[in-house]
Amino acid sequence: MELFSTAWWSALLAIILIDLVLAGDNAIVIALAARQLPPHLQKRAIIWGTVGAIAVRSVMTLGVVWLLKIPGLMLVGGLGLVWIAYKLLADTGEQEHSGPVVQTFWGAMKTIVVADALMGIDNVLGVAGAAHGSMELVVLGLLISVPIVVFGSTVVLKLVQRFPMIIQLGSAILAFTAAKMIVNEPLLDAVFDDSAVARIATYTLAVAGVLLLGWWTTRRYSGNHQQSV
């Protein structure tokens, strides 16, 4: 693809749109994972969470051709993301906060990087497809996604602190993303291609299951905490 040609600019625009759409999930994960950190660590978590996400995505982008050959990749990623959506929702502060704060910080980093690696599959495939083999476009796409994720995470974190119900909304969005990955798994084409019912059931089960299980876990913890007090 010729540099700065019409096709090149069209591909770059497509990559920017992909980043804008998919970076929202990354921003939600980072904000929810960082919400229980002390204020002075929240900004650090957003910066390093973004760095980790971009680093993981860079490696995945370079290996996208190899990744496409792995059977069941979207299914495994989707199931893993369902679990992370639940854990972010059910994070009731059961961690041992009396220990060093750095343990909580690195716990947030672990959640962010793992979740971004799972969600990055969609982004990597989308960007690689839009770039049509142009490595400079792939690199530009990664660079453009950095300020989008950082800004988005900061905004979401402030909204979460002001409107706690956004936590449920964020987990629901992640669960929906997970369901989309499962539905798009090539190994399951025979199940989903000709069955709208199966697709709807998968989306519903993922979102409702995460929200209900997270609510039940939080309620159970609150009840046990009150009894111990």
# chains A, B, ... in the order shown; residues from 1 in each chain; ligands from 1

call {"tool": "residues_around", "arguments": {"residues": "region 44-60 of chain A", "least_positions_apart": "6", "cutoff": "6 Å", "atoms": "only C-alpha atoms", "output": "PyMOL selection string"}}
result
chain A and resi 109+112-113+116+120

call {"tool": "atom_distance", "arguments": {"atom1": "CA of Glu185 (chain A)", "atom2": "CA of Leu75 (chain A)"}}
result
5.7 Å

call {"tool": "closest_residue", "arguments": {"among": "A:Pro39, A:Pro186, A:Gly107, A:Gly72", "to": "Lys158 (chain A)", "atoms": "only C-alpha atoms"}}
result
A:Pro39

call {"tool": "atom_distance", "arguments": {"atom1": "CA of Ala201 (chain A)", "atom2": "CA of Ile84 (chain A)"}}
result
20.1 Å

call {"tool": "residues_around", "arguments": {"residues": "Leu159 (chain A)", "least_positions_apart": "3", "cutoff": "12 Å", "atoms": "only C-alpha atoms", "output": "MDAnalysis selection string"}}
result
chainID A and resid 27:28 31:32 35 152:156 162:167 169:170

call {"tool": "atom_distance", "arguments": {"atom1": "CA of Leu88 (chain A)", "atom2": "CA of Ala175 (chain A)"}}
result
10.9 Å

call {"tool": "closest_residue", "arguments": {"among": "A:Asn26, A:Ser5, A:Ser10, A:Gln161", "to": "Val146 (chain A)", "atoms": "only C-alpha atoms"}}
result
A:Asn26

call {"tool": "residues_around", "arguments": {"residues": "region 77-82 of chain A", "least_positions_apart": "4", "cutoff": "7 Å", "atoms": "only C-alpha atoms", "output": "VMD selection string"}}
result
chain A and resid 73 86 115 118 175 178 to 179 181 to 182 206

call {"tool": "write_last_selection", "arguments": {"atoms": "N, CA and C atoms", "output": "compact mmCIF listing (two decimals), in the first residue's frame"}}
result
# COMPACT_ATOMS: atom_id res chain seq x y z
N LEU A 73 -9.49 -20.10 19.88
CA LEU A 73 -8.92 -18.92 20.55
C LEU A 73 -10.01 -17.96 21.03
N TYR A 86 -17.06 -10.88 35.86
CA TYR A 86 -17.64 -11.25 37.16
C TYR A 86 -16.75 -10.78 38.31
N ALA A 115 -7.07 -9.07 31.22
CA ALA A 115 -8.32 -8.72 30.53
C ALA A 115 -8.04 -8.10 29.18
N LEU A 118 -7.09 -10.67 26.61
CA LEU A 118 -8.25 -11.41 26.11
C LEU A 118 -9.07 -10.55 25.15
N ALA A 175 -19.19 -8.48 29.65
CA ALA A 175 -19.84 -9.78 29.44
C ALA A 175 -20.39 -9.88 28.01
N ALA A 178 -17.56 -10.53 25.74
CA ALA A 178 -17.17 -11.94 25.86
C ALA A 178 -18.11 -12.83 25.05
N ALA A 179 -19.40 -12.56 25.13
CA ALA A 179 -20.38 -13.35 24.39
C ALA A 179 -20.15 -13.20 22.88
N MET A 181 -17.33 -12.66 21.38
CA MET A 181 -16.16 -13.46 21.02
C MET A 181 -16.53 -14.93 20.89
N ILE A 182 -17.36 -15.42 21.82
CA ILE A 182 -17.78 -16.82 21.78
C ILE A 182 -18.61 -17.10 20.53
N ALA A 206 -24.62 -14.71 29.22
CA ALA A 206 -23.37 -14.09 29.66
C ALA A 206 -23.64 -12.84 30.49
